[in-house]
Amino acid sequence: MFLFKRNFTQRGMQNFSAQAKKSLLGITCVGKQDGGGAQVHAVMSALLFSRVTGIPYFHSPFRRVEHGRDAEAFAAEWEAAFNLGFSKPCVPHGVPTISAGAFNKEYRGVPAVVAEQHFHNFAERHLGMYPALAEELRARLLLPQRTFERPTIAVHIRRGDVVGNPAAAQRLTSNATALDNIKRVLADRPGHRVVVFSQGEPSDFGMLAEFCEFELNSDIFATVSGMIAADCLIMAKSSLSYVAGLLSKGAVYYEPFWHGPIPSWHVLPRAGAAHARSPVSFAAPALTAWRLRSRRSKPWD
């Protein structure tokens with residue numbers, strides 16, 4: 001989200017002028033009202049930004065989350081389950097919140113908190129910093145406890161709102177691609193059971209029903225906990241998958257989409273290139289700007 005036009009280190013604010021430092025109290029992540037996975041991921045990007053730069057993070061609790069009967073009550077459940085505000089202060093009463101754009105216009109007023117919906121553009125350039133943050137966040141989780149008696153590959157296959165929706169076609173993983181991915185992972189991990197986490201009926205998944213087990217239409221928090229707890233996770237093109245992958249201690253197989261992979265993840269071929277073995281390149285440009293800048297160049301979910 002923020003690009004600095006000077007190279008900087010983890011010392012954080014060293015490249016701001018003294019007056020600018022006095023005007024920037026910290027950052028917060030607020031304003032998203034979409035799915036819970038996307039909102040958790042957005043806050044994680046803000047926490048990573050704070051961790052790398054040293055700029056304080058102020059927590060703004062989720063207000064509304066889609067896909068629940070009551071969006072406000074569902075938001076409270078997500079807030080409690082991921083506990084992202086643990087030990088973090090909220091924005092102090094009376095302190096102004098401003099956008100990155102407003103701060104960029106030479107804002108030099110009273111100390112303010114910069115509020116943005118996410119910090120993904122910054123996080124995508126520091127993906128290698130996520131594992132240390134995830135280690136800290138795992139200790140905060142209040143998800144249902146899940147364990148598996150046998151070595152298990154969890155496969156997240158996104159259905160629900162992407163089925164029959166042309167605008168979301170790029171988010172859909174076909175049964176044929178899912179089958180290719182599972183075969184590839186089983187070749188690396190023979191003897192593992194395969195559990196598909198999704199929505200619908202087993203008959204919706206074609207040949208997968210012949211050798212996969214299914215956990216369908218389950219409680220969302222039990223689902224993401226199972227994805228995190230599995231020995232191996234095959235991700236969907238989904239922020240829920242992405243969050244589970246970040247928090248997993250197991251092997252993670254990543255299906256390429258607009259959020260790039262953590263360096264330790266195994267990159268699967270893009271759909272239509274099931275037999276290609278070359279990894280996907282997600283090289284990020286250097287940070288060379290001298291001020292904060294807000295940019296929305298990708299369809300971040």
# chains A, B, ... in the order shown; residues from 1 in each chain; ligands from 1
>>> residues_around(residues="A:Met235", least_positions_apart="4", cutoff="8 Å", atoms="only C-alpha atoms", output="list in words")
Val155, His156, Ile157, Ser241, Tyr242, Gly245, Val252, Tyr253, Tyr254 and Glu255 of chain A
>>> residues_around(residues="A:Ala42", least_positions_apart="3", cutoff="6 Å", atoms="only C-alpha atoms", output="list in words")
Gln39, Ser45 and His118 of chain A
>>> write_last_selection(atoms="C-alpha atoms", output="mmCIF file, in the first residue's frame")
data_model
loop_
_atom_site.group_PDB
_atom_site.id
_atom_site.type_symbol
_atom_site.label_atom_id
_atom_site.label_comp_id
_atom_site.auth_asym_id
_atom_site.auth_seq_id
_atom_site.Cartn_x
_atom_site.Cartn_y
_atom_site.Cartn_z
ATOM 1 C CA GLN A 39 -10.214 -8.856 6.236
ATOM 2 C CA SER A 45 -0.534 -6.893 5.874
ATOM 3 C CA HIS A 118 -4.917 -2.875 3.418
#
>>> select_by_dssp(residues="stretch 65-292 of chain A", states="strand (DSSP E or B)", output="MDAnalysis selection string")
chainID A and resid 90 97:98 112:116 152:156 193:198 213:216 232:234 251:254 266:267 289
>>> atom_distance(atom1="atom CA of A:Ala75", atom2="atom CA of A:Pro61")
8.4 Å
>>> residues_around(residues="A:Ala176", least_positions_apart="5", cutoff="9 Å", atoms="only C-alpha atoms", output="PyMOL selection string")
chain A and resi 181+206-208
>>> write_last_selection(atoms="all heavy atoms", output="PDB file, in the first residue's frame")
ATOM      1  N   ASN A 181      -3.508 -31.105  -9.323  1.00  0.00           N
ATOM      2  CA  ASN A 181      -2.759 -30.627  -8.161  1.00  0.00           C
ATOM      3  C   ASN A 181      -2.621 -31.701  -7.093  1.00  0.00           C
ATOM      4  O   ASN A 181      -1.548 -31.886  -6.503  1.00  0.00           O
ATOM      5  CB  ASN A 181      -3.444 -29.387  -7.570  1.00  0.00           C
ATOM      6  CG  ASN A 181      -3.356 -28.169  -8.473  1.00  0.00           C
ATOM      7  OD1 ASN A 181      -2.522 -28.110  -9.379  1.00  0.00           O
ATOM      8  ND2 ASN A 181      -4.207 -27.180  -8.237  1.00  0.00           N
ATOM      9  N   GLY A 206     -16.820 -34.505  -9.248  1.00  0.00           N
ATOM     10  CA  GLY A 206     -16.407 -35.457 -10.268  1.00  0.00           C
ATOM     11  C   GLY A 206     -15.553 -36.584  -9.732  1.00  0.00           C
ATOM     12  O   GLY A 206     -15.877 -37.213  -8.717  1.00  0.00           O
ATOM     13  N   MET A 207     -14.416 -36.822 -10.404  1.00  0.00           N
ATOM     14  CA  MET A 207     -13.546 -37.948 -10.061  1.00  0.00           C
ATOM     15  C   MET A 207     -12.903 -37.801  -8.684  1.00  0.00           C
ATOM     16  O   MET A 207     -12.416 -38.789  -8.125  1.00  0.00           O
ATOM     17  CB  MET A 207     -12.459 -38.098 -11.121  1.00  0.00           C
ATOM     18  CG  MET A 207     -12.973 -38.550 -12.476  1.00  0.00           C
ATOM     19  SD  MET A 207     -11.621 -38.731 -13.681  1.00  0.00           S
ATOM     20  CE  MET A 207     -10.631 -40.003 -12.876  1.00  0.00           C
ATOM     21  N   LEU A 208     -12.886 -36.602  -8.130  1.00  0.00           N
ATOM     22  CA  LEU A 208     -12.297 -36.430  -6.806  1.00  0.00           C
ATOM     23  C   LEU A 208     -13.023 -37.277  -5.771  1.00  0.00           C
ATOM     24  O   LEU A 208     -12.428 -37.719  -4.781  1.00  0.00           O
ATOM     25  CB  LEU A 208     -12.350 -34.960  -6.385  1.00  0.00           C
ATOM     26  CG  LEU A 208     -11.571 -33.951  -7.230  1.00  0.00           C
ATOM     27  CD1 LEU A 208     -11.705 -32.559  -6.631  1.00  0.00           C
ATOM     28  CD2 LEU A 208     -10.109 -34.334  -7.313  1.00  0.00           C
TER      29      LEU A 208
END
>>> select_by_dssp(residues="stretch 40-281 of chain A", states="helix (DSSP H, G or I)", output="ChimeraX atom specification")
/A:40-53,71-82,100-104,120-123,127-138,160-162,166-171,175-188,202-210,220-229,239-247
>>> closest_residue(among="A:Val114, A:Val267, A:Leu137, A:Ser248", to="A:Val185", atoms="only C-alpha atoms")
A:Val267
>>> closest_residue(among="A:His192, A:Lys88, A:His259, A:Lys105", to="A:His59", atoms="only C-alpha atoms")
A:Lys88
>>> closest_residue(among="A:Leu24, A:Leu186, A:Val224, A:Leu179", to="A:Pro111", atoms="only C-alpha atoms")
A:Leu24
>>> closest_residue(among="A:Val43, A:Ala209, A:Val30, A:Leu268", to="A:Arg64", atoms="only C-alpha atoms")
A:Val30
